[in-house]
>>> print(open('work11.cif').read())   # mmCIF, C-alpha atoms
data_query
loop_
_atom_site.group_PDB
_atom_site.id
_atom_site.type_symbol
_atom_site.label_atom_id
_atom_site.label_comp_id
_atom_site.auth_asym_id
_atom_site.auth_seq_id
_atom_site.Cartn_x
_atom_site.Cartn_y
_atom_site.Cartn_z
ATOM 1 C CA GLY A 1 0.000 0.000 0.000
ATOM 2 C CA GLN A 2 0.911 3.633 -0.274
ATOM 3 C CA SER A 3 0.450 6.253 2.407
ATOM 4 C CA LEU A 4 1.724 9.759 2.994
ATOM 5 C CA GLU A 5 1.246 11.655 6.228
ATOM 6 C CA GLN A 6 1.364 15.421 6.576
ATOM 7 C CA PRO A 7 -0.268 17.801 9.081
ATOM 8 C CA SER A 8 -3.731 18.920 8.084
ATOM 9 C CA GLU A 9 -3.305 22.562 9.124
ATOM 10 C CA VAL A 10 -0.497 24.959 9.984
ATOM 11 C CA THR A 11 -0.713 28.633 10.959
ATOM 12 C CA ALA A 12 2.244 31.018 10.827
ATOM 13 C CA VAL A 13 2.921 34.733 11.053
ATOM 14 C CA GLU A 14 3.805 36.885 8.080
ATOM 15 C CA GLY A 15 7.582 37.173 7.720
ATOM 16 C CA ALA A 16 8.240 34.012 9.714
ATOM 17 C CA ILE A 17 9.509 30.570 8.649
ATOM 18 C CA VAL A 18 7.329 27.469 8.523
ATOM 19 C CA GLN A 19 8.162 23.807 7.939
ATOM 20 C CA ILE A 20 5.646 21.304 6.572
ATOM 21 C CA ASN A 21 6.607 17.699 7.170
ATOM 22 C CA CYS A 22 5.778 14.631 5.132
ATOM 23 C CA THR A 23 6.405 11.004 5.975
ATOM 24 C CA TYR A 24 5.707 8.262 3.505
ATOM 25 C CA GLN A 25 5.271 4.524 3.222
ATOM 26 C CA THR A 26 5.229 3.355 -0.367
ATOM 27 C CA SER A 27 6.016 0.152 -2.226
ATOM 28 C CA GLY A 28 8.719 1.924 -4.195
ATOM 29 C CA PHE A 29 10.371 5.320 -4.172
ATOM 30 C CA TYR A 30 11.891 7.453 -6.882
ATOM 31 C CA GLY A 31 11.369 10.900 -5.427
ATOM 32 C CA LEU A 32 9.304 13.350 -3.388
ATOM 33 C CA SER A 33 7.496 16.320 -4.902
ATOM 34 C CA TRP A 34 5.686 19.303 -3.451
ATOM 35 C CA TYR A 35 2.712 21.121 -4.969
ATOM 36 C CA GLN A 36 0.910 24.302 -3.975
ATOM 37 C CA GLN A 37 -2.813 24.830 -4.450
ATOM 38 C CA HIS A 38 -4.690 28.039 -3.745
ATOM 39 C CA ASP A 39 -8.402 27.798 -2.956
ATOM 40 C CA GLY A 40 -10.373 27.012 -6.092
ATOM 41 C CA GLY A 41 -7.228 26.727 -8.187
ATOM 42 C CA ALA A 42 -5.092 24.031 -9.719
ATOM 43 C CA PRO A 43 -2.041 22.515 -8.017
ATOM 44 C CA THR A 44 1.263 23.906 -9.239
ATOM 45 C CA PHE A 45 4.632 22.212 -8.970
ATOM 46 C CA LEU A 46 7.067 23.601 -6.388
ATOM 47 C CA SER A 47 9.973 21.191 -6.031
ATOM 48 C CA TYR A 48 11.274 17.660 -6.444
ATOM 49 C CA ASN A 49 13.849 15.702 -4.436
ATOM 50 C CA ALA A 50 15.265 12.423 -5.650
ATOM 51 C CA LEU A 51 18.400 12.450 -3.504
ATOM 52 C CA ASP A 52 18.957 13.150 0.178
ATOM 53 C CA GLY A 53 19.518 16.737 1.088
ATOM 54 C CA LEU A 54 18.163 20.216 0.707
ATOM 55 C CA GLU A 55 17.018 21.837 -2.537
ATOM 56 C CA GLU A 56 16.533 25.595 -2.485
ATOM 57 C CA THR A 57 14.395 27.639 -4.843
ATOM 58 C CA GLY A 58 14.053 31.215 -3.719
ATOM 59 C CA ARG A 59 12.046 31.435 -0.505
ATOM 60 C CA PHE A 60 11.115 27.755 -0.713
ATOM 61 C CA SER A 61 13.354 24.823 0.159
ATOM 62 C CA SER A 62 12.637 21.109 0.201
ATOM 63 C CA PHE A 63 14.452 18.390 2.093
ATOM 64 C CA LEU A 64 14.552 14.619 1.744
ATOM 65 C CA SER A 65 15.885 11.803 3.892
ATOM 66 C CA ARG A 66 15.367 8.504 2.087
ATOM 67 C CA SER A 67 16.565 6.440 5.040
ATOM 68 C CA ASP A 68 13.906 8.044 7.277
ATOM 69 C CA SER A 69 11.187 8.096 4.572
ATOM 70 C CA TYR A 70 10.773 11.748 5.449
ATOM 71 C CA GLY A 71 10.826 15.101 3.790
ATOM 72 C CA TYR A 72 9.776 18.651 4.445
ATOM 73 C CA LEU A 73 8.972 21.883 2.690
ATOM 74 C CA LEU A 74 10.433 25.023 4.240
ATOM 75 C CA LEU A 75 8.900 28.388 3.475
ATOM 76 C CA GLN A 76 10.845 31.482 4.511
ATOM 77 C CA GLU A 77 9.844 35.149 4.750
ATOM 78 C CA LEU A 78 6.208 34.147 4.669
ATOM 79 C CA GLN A 79 3.836 36.339 2.716
ATOM 80 C CA MET A 80 0.044 36.460 2.829
ATOM 81 C CA LYS A 81 -0.053 35.037 -0.690
ATOM 82 C CA ASP A 82 1.579 31.848 0.630
ATOM 83 C CA SER A 83 -1.729 30.939 2.281
ATOM 84 C CA ALA A 84 -2.663 27.806 0.369
ATOM 85 C CA SER A 85 -2.709 24.029 0.613
ATOM 86 C CA TYR A 86 0.576 22.188 0.158
ATOM 87 C CA PHE A 87 0.703 18.577 -0.991
ATOM 88 C CA CYS A 88 3.597 16.176 -0.857
ATOM 89 C CA ALA A 89 3.618 13.432 -3.483
ATOM 90 C CA VAL A 90 5.720 10.345 -4.054
ATOM 91 C CA THR A 91 6.818 8.831 -7.346
ATOM 92 C CA PRO A 92 6.751 5.071 -6.563
ATOM 93 C CA SER A 93 8.513 4.041 -9.784
ATOM 94 C CA GLY A 94 9.556 5.423 -13.114
ATOM 95 C CA ASN A 95 6.280 4.852 -14.933
ATOM 96 C CA THR A 96 3.647 5.034 -12.226
ATOM 97 C CA PRO A 97 1.585 8.083 -11.335
ATOM 98 C CA LEU A 98 2.241 10.272 -8.341
ATOM 99 C CA VAL A 99 0.701 9.338 -5.008
ATOM 100 C CA PHE A 100 -0.462 12.457 -3.158
ATOM 101 C CA GLY A 101 -0.803 13.194 0.526
ATOM 102 C CA LYS A 102 -4.007 14.792 1.802
ATOM 103 C CA GLY A 103 -2.442 18.212 1.977
ATOM 104 C CA THR A 104 -1.539 20.791 4.606
ATOM 105 C CA ARG A 105 -3.535 23.984 4.738
ATOM 106 C CA LEU A 106 -1.214 26.880 5.562
ATOM 107 C CA SER A 107 -2.730 30.065 6.928
ATOM 108 C CA VAL A 108 -0.450 33.098 7.082
ATOM 109 C CA ILE A 109 -1.629 35.722 9.560
ATOM 110 C CA ALA A 110 -0.550 39.309 10.090
ATOM 111 C CA ASP B 1 1.147 29.533 -24.793
ATOM 112 C CA GLY B 2 1.306 25.853 -23.920
ATOM 113 C CA GLY B 3 -0.993 24.496 -21.283
ATOM 114 C CA ILE B 4 -3.942 22.373 -20.285
ATOM 115 C CA THR B 5 -7.525 23.456 -20.701
ATOM 116 C CA GLN B 6 -10.561 21.951 -19.055
ATOM 117 C CA SER B 7 -14.162 22.656 -19.817
ATOM 118 C CA PRO B 8 -16.634 23.500 -18.590
ATOM 119 C CA LYS B 9 -15.594 25.266 -15.400
ATOM 120 C CA TYR B 10 -18.862 24.252 -13.727
ATOM 121 C CA LEU B 11 -21.067 21.325 -14.706
ATOM 122 C CA PHE B 12 -24.432 20.292 -13.372
ATOM 123 C CA ARG B 13 -25.607 16.720 -13.571
ATOM 124 C CA LYS B 14 -29.095 15.383 -13.141
ATOM 125 C CA GLU B 15 -29.748 12.035 -11.517
ATOM 126 C CA GLY B 16 -29.128 9.153 -13.910
ATOM 127 C CA GLN B 17 -27.321 11.318 -16.437
ATOM 128 C CA ASN B 18 -23.876 10.732 -17.943
ATOM 129 C CA VAL B 19 -21.701 13.817 -18.338
ATOM 130 C CA THR B 20 -18.344 14.277 -20.067
ATOM 131 C CA LEU B 21 -15.548 16.547 -18.866
ATOM 132 C CA SER B 22 -13.130 17.808 -21.464
ATOM 133 C CA CYS B 23 -9.338 17.970 -21.091
ATOM 134 C CA GLU B 24 -7.019 19.204 -23.839
ATOM 135 C CA GLN B 25 -3.266 19.843 -23.723
ATOM 136 C CA ASN B 26 -0.827 21.346 -26.206
ATOM 137 C CA LEU B 27 2.316 20.538 -24.229
ATOM 138 C CA ASN B 28 3.053 17.489 -26.383
ATOM 139 C CA HIS B 29 2.961 15.328 -23.258
ATOM 140 C CA ASP B 30 2.388 11.605 -23.661
ATOM 141 C CA ALA B 31 0.915 10.983 -20.202
ATOM 142 C CA MET B 32 -2.392 12.359 -18.965
ATOM 143 C CA TYR B 33 -4.265 11.899 -15.691
ATOM 144 C CA TRP B 34 -7.641 12.505 -14.090
ATOM 145 C CA TYR B 35 -7.965 13.244 -10.374
ATOM 146 C CA ARG B 36 -10.899 13.800 -8.113
ATOM 147 C CA GLN B 37 -10.618 16.209 -5.180
ATOM 148 C CA ASP B 38 -13.196 16.434 -2.397
ATOM 149 C CA PRO B 39 -13.266 19.350 0.075
ATOM 150 C CA GLY B 40 -10.298 19.245 2.412
ATOM 151 C CA GLN B 41 -8.964 16.136 0.720
ATOM 152 C CA GLY B 42 -6.008 15.266 -1.410
ATOM 153 C CA LEU B 43 -6.036 14.187 -5.017
ATOM 154 C CA ARG B 44 -7.306 10.711 -5.812
ATOM 155 C CA LEU B 45 -6.408 9.151 -9.147
ATOM 156 C CA ILE B 46 -9.310 8.076 -11.351
ATOM 157 C CA TYR B 47 -7.646 7.046 -14.626
ATOM 158 C CA TYR B 48 -4.373 7.660 -16.389
ATOM 159 C CA SER B 49 -2.997 7.174 -19.864
ATOM 160 C CA GLN B 50 0.656 6.999 -20.832
ATOM 161 C CA ILE B 51 0.132 6.674 -24.559
ATOM 162 C CA VAL B 52 -2.595 7.107 -27.141
ATOM 163 C CA ASN B 53 -5.199 4.307 -27.242
ATOM 164 C CA ASP B 54 -4.121 2.977 -23.856
ATOM 165 C CA PHE B 55 -5.238 3.823 -20.326
ATOM 166 C CA GLN B 56 -5.235 2.297 -16.849
ATOM 167 C CA LYS B 57 -7.563 2.467 -13.870
ATOM 168 C CA GLY B 58 -6.504 4.470 -10.877
ATOM 169 C CA ASP B 59 -7.628 4.095 -7.289
ATOM 170 C CA ILE B 60 -11.263 5.169 -7.779
ATOM 171 C CA ALA B 61 -12.190 4.235 -11.373
ATOM 172 C CA GLU B 62 -15.634 2.803 -10.626
ATOM 173 C CA GLY B 63 -18.392 4.890 -12.196
ATOM 174 C CA TYR B 64 -16.023 6.654 -14.588
ATOM 175 C CA SER B 65 -14.798 6.005 -18.120
ATOM 176 C CA VAL B 66 -12.174 7.590 -20.354
ATOM 177 C CA SER B 67 -10.856 7.489 -23.905
ATOM 178 C CA ARG B 68 -7.532 8.489 -25.431
ATOM 179 C CA GLU B 69 -7.976 8.670 -29.180
ATOM 180 C CA LYS B 70 -5.658 11.645 -29.608
ATOM 181 C CA LYS B 71 -2.492 12.647 -27.801
ATOM 182 C CA GLU B 72 -3.939 16.057 -26.986
ATOM 183 C CA SER B 73 -7.259 14.915 -25.548
ATOM 184 C CA PHE B 74 -8.314 12.788 -22.557
ATOM 185 C CA PRO B 75 -12.052 13.203 -21.840
ATOM 186 C CA LEU B 76 -13.602 11.802 -18.676
ATOM 187 C CA THR B 77 -17.189 10.561 -18.553
ATOM 188 C CA VAL B 78 -18.936 10.457 -15.209
ATOM 189 C CA THR B 79 -21.573 7.780 -15.580
ATOM 190 C CA SER B 80 -24.834 7.293 -13.723
ATOM 191 C CA ALA B 81 -23.111 4.469 -11.842
ATOM 192 C CA GLN B 82 -21.091 7.061 -9.922
ATOM 193 C CA LYS B 83 -23.444 7.713 -7.027
ATOM 194 C CA ASN B 84 -21.555 10.571 -5.426
ATOM 195 C CA PRO B 85 -20.036 12.589 -8.271
ATOM 196 C CA THR B 86 -20.008 16.024 -6.643
ATOM 197 C CA ALA B 87 -16.346 17.023 -6.553
ATOM 198 C CA PHE B 88 -13.594 19.087 -8.173
ATOM 199 C CA TYR B 89 -12.079 17.231 -11.137
ATOM 200 C CA LEU B 90 -8.508 17.947 -12.200
ATOM 201 C CA CYS B 91 -6.768 16.860 -15.366
ATOM 202 C CA ALA B 92 -2.970 16.752 -15.553
ATOM 203 C CA SER B 93 -0.230 15.800 -17.966
ATOM 204 C CA SER B 94 3.444 14.906 -17.746
ATOM 205 C CA ILE B 95 6.318 13.454 -19.706
ATOM 206 C CA PRO B 96 6.705 9.724 -18.890
ATOM 207 C CA GLY B 97 10.136 8.590 -17.844
ATOM 208 C CA GLN B 98 10.743 11.688 -15.786
ATOM 209 C CA GLY B 99 9.399 9.764 -12.834
ATOM 210 C CA GLY B 100 6.152 11.669 -13.006
ATOM 211 C CA GLU B 101 7.632 14.219 -10.650
ATOM 212 C CA THR B 102 6.340 17.222 -12.557
ATOM 213 C CA GLN B 103 2.709 17.195 -13.458
ATOM 214 C CA TYR B 104 0.984 20.142 -15.074
ATOM 215 C CA PHE B 105 -2.620 20.663 -14.061
ATOM 216 C CA GLY B 106 -5.582 22.202 -15.804
ATOM 217 C CA PRO B 107 -7.848 24.712 -14.016
ATOM 218 C CA GLY B 108 -10.386 22.027 -13.051
ATOM 219 C CA THR B 109 -14.088 21.363 -13.480
ATOM 220 C CA ARG B 110 -16.462 21.558 -10.544
ATOM 221 C CA LEU B 111 -19.266 19.015 -10.909
ATOM 222 C CA LEU B 112 -22.492 19.456 -8.997
ATOM 223 C CA VAL B 113 -25.522 17.185 -8.859
ATOM 224 C CA LEU B 114 -28.973 18.733 -9.204
#
>>> encode(input="work11.cif", output="structure tokens")
Amino acid sequence: GQSLEQPSEVTAVEGAIVQINCTYQTSGFYGLSWYQQHDGGAPTFLSYNALDGLEETGRFSSFLSRSDSYGYLLLQELQMKDSASYFCAVTPSGNTPLVFGKGTRLSVIA
Amino acid sequence: DGGITQSPKYLFRKEGQNVTLSCEQNLNHDAMYWYRQDPGQGLRLIYYSQIVNDFQKGDIAEGYSVSREKKESFPLTVTSAQKNPTAFYLCASSIPGQGGETQYFGPGTRLLVL
């Protein structure tokens, strides 16, 4: 079976840093992705980790530890527009679809 | 501009009626996917296709059907057998062999039952 666990809700203050964790149990593992979805909108790709370590893209960073079946998305200098749902997703093998977590709703407050 | 289009944005279904959701992409992607999203929930895979004239069931295929006659198009039919069809439906595409790590999503169709 495949399962991904992430917190359902997180609240953080504008300008602060927030970390959204994701643990996974899947039959195979190629990599971990993160997607952002604003209310009523479509998910958009944020990052992908295939190897252990930290990947940085502007204010967003993503981390993976394959041995711990764990990753996180780090958002720095939070802005109000970062309020959205964030989904982690696993690629079980090279030709199988992504498996998504249930998402973390991030609320950024003033 | 390349992208994925879905139509209509809102769709109303009467009891016992089949309805078809459109998905078109001009990204030249081989793989296409249909997901269902319920409020506060993640994305659940309905069907996917990695090549023209071939498709596979996802986790919740019952009550749905698809076709893939053209690379650009992957329509989803919600049949009368789907007893709880109210949801947000998302179509996506990707390039196979890249591990599926980057999927591009359309704007979605919200289906409501009258």
>>> interface_residues(input="work11.cif", of="chain A", to="chain B", cutoff="10 Å", atoms="all atoms listed in the file", output="PyMOL selection string")
chain A and resi 8+29-35+40-50+85-105
>>> residues_around(input="work11.cif", residues="A:Asp68", least_positions_apart="4", cutoff="10 Å", atoms="all atoms listed in the file", output="ChimeraX atom specification")
/A:23-24,64
>>> write_last_selection(input="work11.cif", atoms="C-alpha atoms", output="PDB file, in the coordinates of the input")
ATOM      1  CA  THR A  23       6.405  11.004   5.975  1.00  0.00           C
ATOM      2  CA  TYR A  24       5.707   8.262   3.505  1.00  0.00           C
ATOM      3  CA  LEU A  64      14.552  14.619   1.744  1.00  0.00           C
TER       4      LEU A  64
END
>>> residues_near_point(input="work11.cif", point="(-16.9, 3.6, -9.1)", cutoff="12 Å", atoms="only C-alpha atoms", output="count of residues only")
22
>>> resolve_selection(input="work11.cif", expression="the PyMOL selection byres ((chain B and resi 74) around 9)", output="number ranges by chain")
B: 21-25, 32-34, 48-49, 66-73, 75-76, 91
>>> atom_distance(input="work11.cif", atom1="atom CA of A:Val108", atom2="atom CA of A:Ile20")
13.3 Å
>>> closest_residue(input="work11.cif", among="A:Gln25, A:Gln37, A:Gln6, A:Thr11", to="A:Ser67", atoms="all atoms listed in the file")
A:Gln25
>>> closest_residue(input="work11.cif", among="A:Asp52, A:Val13, A:Val18, A:Gly1", to="A:Leu75", atoms="all atoms listed in the file")
A:Val18
>>> atom_distance(input="work11.cif", atom1="atom CA of B:Asp38", atom2="atom CA of A:Gly71")
24.8 Å
>>> atom_distance(input="work11.cif", atom1="atom CA of B:Asp54", atom2="atom CA of B:Tyr35")
17.4 Å
>>> residues_around(input="work11.cif", residues="A:Ile17", least_positions_apart="3", cutoff="8 Å", atoms="only C-alpha atoms", output="mmCIF file with C-alpha atoms, keeping the file's coordinate frame")
data_model
loop_
_atom_site.group_PDB
_atom_site.id
_atom_site.type_symbol
_atom_site.label_atom_id
_atom_site.label_comp_id
_atom_site.auth_asym_id
_atom_site.auth_seq_id
_atom_site.Cartn_x
_atom_site.Cartn_y
_atom_site.Cartn_z
ATOM 1 C CA ALA A 12 2.244 31.018 10.827
ATOM 2 C CA LEU A 74 10.433 25.023 4.240
ATOM 3 C CA LEU A 75 8.900 28.388 3.475
ATOM 4 C CA GLN A 76 10.845 31.482 4.511
ATOM 5 C CA GLU A 77 9.844 35.149 4.750
ATOM 6 C CA LEU A 78 6.208 34.147 4.669
#
>>> closest_residue(input="work11.cif", among="B:Gln56, B:Leu27, B:Lys14, B:Ile51", to="B:Leu112", atoms="only C-alpha atoms")
B:Lys14
>>> axis_aligned_box(input="work11.cif", around="stretch 1-12 of chain B", padding_each_side="8 Å", output="AutoDock Vina command-line options")
--center_x -11.6 --center_y 24.9 --center_z -19.1 --size_x 41.7 --size_y 25.2 --size_z 27.4
>>> build_atoms(input="work11.cif", residues="stretch 49-85 of chain A", atoms="N, CA and C atoms", output="PDB file, in the frame of the given file")
ATOM      1  N   ASN A  49      12.608  16.251  -5.004  1.00  0.00           N
ATOM      2  CA  ASN A  49      13.849  15.702  -4.436  1.00  0.00           C
ATOM      3  C   ASN A  49      13.942  14.216  -4.762  1.00  0.00           C
ATOM      4  N   ALA A  50      15.000  13.837  -5.414  1.00  0.00           N
ATOM      5  CA  ALA A  50      15.265  12.423  -5.650  1.00  0.00           C
ATOM      6  C   ALA A  50      16.383  11.913  -4.743  1.00  0.00           C
ATOM      7  N   LEU A  51      17.261  12.809  -4.344  1.00  0.00           N
ATOM      8  CA  LEU A  51      18.400  12.450  -3.504  1.00  0.00           C
ATOM      9  C   LEU A  51      18.280  13.131  -2.150  1.00  0.00           C
ATOM     10  N   ASP A  52      18.949  12.563  -1.158  1.00  0.00           N
ATOM     11  CA  ASP A  52      18.957  13.150   0.178  1.00  0.00           C
ATOM     12  C   ASP A  52      19.531  14.560   0.140  1.00  0.00           C
ATOM     13  N   GLY A  53      18.961  15.410   0.954  1.00  0.00           N
ATOM     14  CA  GLY A  53      19.518  16.737   1.088  1.00  0.00           C
ATOM     15  C   GLY A  53      18.500  17.821   0.856  1.00  0.00           C
ATOM     16  N   LEU A  54      19.011  19.027   0.804  1.00  0.00           N
ATOM     17  CA  LEU A  54      18.163  20.216   0.707  1.00  0.00           C
ATOM     18  C   LEU A  54      18.265  20.823  -0.687  1.00  0.00           C
ATOM     19  N   GLU A  55      17.095  21.132  -1.269  1.00  0.00           N
ATOM     20  CA  GLU A  55      17.018  21.837  -2.537  1.00  0.00           C
ATOM     21  C   GLU A  55      16.401  23.199  -2.272  1.00  0.00           C
ATOM     22  N   GLU A  56      17.038  24.250  -2.754  1.00  0.00           N
ATOM     23  CA  GLU A  56      16.533  25.595  -2.485  1.00  0.00           C
ATOM     24  C   GLU A  56      16.095  26.273  -3.770  1.00  0.00           C
ATOM     25  N   THR A  57      14.898  26.868  -3.710  1.00  0.00           N
ATOM     26  CA  THR A  57      14.395  27.639  -4.843  1.00  0.00           C
ATOM     27  C   THR A  57      13.768  28.902  -4.294  1.00  0.00           C
ATOM     28  N   GLY A  58      14.559  29.954  -4.236  1.00  0.00           N
ATOM     29  CA  GLY A  58      14.053  31.215  -3.719  1.00  0.00           C
ATOM     30  C   GLY A  58      13.691  31.102  -2.249  1.00  0.00           C
ATOM     31  N   ARG A  59      12.472  31.484  -1.905  1.00  0.00           N
ATOM     32  CA  ARG A  59      12.046  31.435  -0.505  1.00  0.00           C
ATOM     33  C   ARG A  59      11.670  30.016  -0.065  1.00  0.00           C
ATOM     34  N   PHE A  60      11.539  29.113  -1.029  1.00  0.00           N
ATOM     35  CA  PHE A  60      11.115  27.755  -0.713  1.00  0.00           C
ATOM     36  C   PHE A  60      12.309  26.804  -0.776  1.00  0.00           C
ATOM     37  N   SER A  61      12.345  25.876   0.175  1.00  0.00           N
ATOM     38  CA  SER A  61      13.354  24.823   0.159  1.00  0.00           C
ATOM     39  C   SER A  61      12.651  23.503   0.442  1.00  0.00           C
ATOM     40  N   SER A  62      13.205  22.420  -0.072  1.00  0.00           N
ATOM     41  CA  SER A  62      12.637  21.109   0.201  1.00  0.00           C
ATOM     42  C   SER A  62      13.757  20.161   0.579  1.00  0.00           C
ATOM     43  N   PHE A  63      13.462  19.299   1.541  1.00  0.00           N
ATOM     44  CA  PHE A  63      14.452  18.390   2.093  1.00  0.00           C
ATOM     45  C   PHE A  63      13.960  16.962   1.993  1.00  0.00           C
ATOM     46  N   LEU A  64      14.895  16.035   1.803  1.00  0.00           N
ATOM     47  CA  LEU A  64      14.552  14.619   1.744  1.00  0.00           C
ATOM     48  C   LEU A  64      15.571  13.792   2.515  1.00  0.00           C
ATOM     49  N   SER A  65      15.058  12.838   3.289  1.00  0.00           N
ATOM     50  CA  SER A  65      15.885  11.803   3.892  1.00  0.00           C
ATOM     51  C   SER A  65      15.280  10.462   3.502  1.00  0.00           C
ATOM     52  N   ARG A  66      15.898   9.775   2.577  1.00  0.00           N
ATOM     53  CA  ARG A  66      15.367   8.504   2.087  1.00  0.00           C
ATOM     54  C   ARG A  66      15.423   7.429   3.179  1.00  0.00           C
ATOM     55  N   SER A  67      16.431   7.468   4.000  1.00  0.00           N
ATOM     56  CA  SER A  67      16.565   6.440   5.040  1.00  0.00           C
ATOM     57  C   SER A  67      15.462   6.585   6.095  1.00  0.00           C
ATOM     58  N   ASP A  68      14.968   7.792   6.292  1.00  0.00           N
ATOM     59  CA  ASP A  68      13.906   8.044   7.277  1.00  0.00           C
ATOM     60  C   ASP A  68      12.523   8.113   6.629  1.00  0.00           C
ATOM     61  N   SER A  69      12.462   7.962   5.310  1.00  0.00           N
ATOM     62  CA  SER A  69      11.187   8.096   4.572  1.00  0.00           C
ATOM     63  C   SER A  69      10.482   9.385   4.978  1.00  0.00           C
ATOM     64  N   TYR A  70      11.232  10.462   4.891  1.00  0.00           N
ATOM     65  CA  TYR A  70      10.773  11.748   5.449  1.00  0.00           C
ATOM     66  C   TYR A  70      11.276  12.895   4.596  1.00  0.00           C
ATOM     67  N   GLY A  71      10.427  13.886   4.472  1.00  0.00           N
ATOM     68  CA  GLY A  71      10.826  15.101   3.790  1.00  0.00           C
ATOM     69  C   GLY A  71      10.080  16.285   4.364  1.00  0.00           C
ATOM     70  N   TYR A  72      10.511  17.456   4.023  1.00  0.00           N
ATOM     71  CA  TYR A  72       9.776  18.651   4.445  1.00  0.00           C
ATOM     72  C   TYR A  72       9.927  19.762   3.430  1.00  0.00           C
ATOM     73  N   LEU A  73       8.959  20.659   3.486  1.00  0.00           N
ATOM     74  CA  LEU A  73       8.972  21.883   2.690  1.00  0.00           C
ATOM     75  C   LEU A  73       9.161  23.034   3.657  1.00  0.00           C
ATOM     76  N   LEU A  74      10.120  23.885   3.378  1.00  0.00           N
ATOM     77  CA  LEU A  74      10.433  25.023   4.240  1.00  0.00           C
ATOM     78  C   LEU A  74      10.110  26.302   3.485  1.00  0.00           C
ATOM     79  N   LEU A  75       9.267  27.121   4.086  1.00  0.00           N
ATOM     80  CA  LEU A  75       8.900  28.388   3.475  1.00  0.00           C
ATOM     81  C   LEU A  75       9.443  29.521   4.353  1.00  0.00           C
ATOM     82  N   GLN A  76      10.243  30.383   3.772  1.00  0.00           N
ATOM     83  CA  GLN A  76      10.845  31.482   4.511  1.00  0.00           C
ATOM     84  C   GLN A  76      10.190  32.806   4.123  1.00  0.00           C
ATOM     85  N   GLU A  77      10.374  33.787   5.004  1.00  0.00           N
ATOM     86  CA  GLU A  77       9.844  35.149   4.750  1.00  0.00           C
ATOM     87  C   GLU A  77       8.400  35.068   4.261  1.00  0.00           C
ATOM     88  N   LEU A  78       7.575  34.406   5.069  1.00  0.00           N
ATOM     89  CA  LEU A  78       6.208  34.147   4.669  1.00  0.00           C
ATOM     90  C   LEU A  78       5.461  35.413   4.259  1.00  0.00           C
ATOM     91  N   GLN A  79       4.680  35.262   3.201  1.00  0.00           N
ATOM     92  CA  GLN A  79       3.836  36.339   2.716  1.00  0.00           C
ATOM     93  C   GLN A  79       2.389  35.869   2.752  1.00  0.00           C
ATOM     94  N   MET A  80       1.470  36.811   2.765  1.00  0.00           N
ATOM     95  CA  MET A  80       0.044  36.460   2.829  1.00  0.00           C
ATOM     96  C   MET A  80      -0.340  35.579   1.648  1.00  0.00           C
ATOM     97  N   LYS A  81       0.292  35.811   0.507  1.00  0.00           N
ATOM     98  CA  LYS A  81      -0.053  35.037  -0.690  1.00  0.00           C
ATOM     99  C   LYS A  81       0.387  33.577  -0.587  1.00  0.00           C
ATOM    100  N   ASP A  82       1.177  33.241   0.429  1.00  0.00           N
ATOM    101  CA  ASP A  82       1.579  31.848   0.630  1.00  0.00           C
ATOM    102  C   ASP A  82       0.479  31.025   1.273  1.00  0.00           C
ATOM    103  N   SER A  83      -0.583  31.667   1.729  1.00  0.00           N
ATOM    104  CA  SER A  83      -1.729  30.939   2.281  1.00  0.00           C
ATOM    105  C   SER A  83      -2.321  30.065   1.183  1.00  0.00           C
ATOM    106  N   ALA A  84      -2.262  28.767   1.399  1.00  0.00           N
ATOM    107  CA  ALA A  84      -2.663  27.806   0.369  1.00  0.00           C
ATOM    108  C   ALA A  84      -2.565  26.414   0.983  1.00  0.00           C
ATOM    109  N   SER A  85      -2.928  25.415   0.205  1.00  0.00           N
ATOM    110  CA  SER A  85      -2.709  24.029   0.613  1.00  0.00           C
ATOM    111  C   SER A  85      -1.450  23.512  -0.064  1.00  0.00           C
TER     112      SER A  85
END
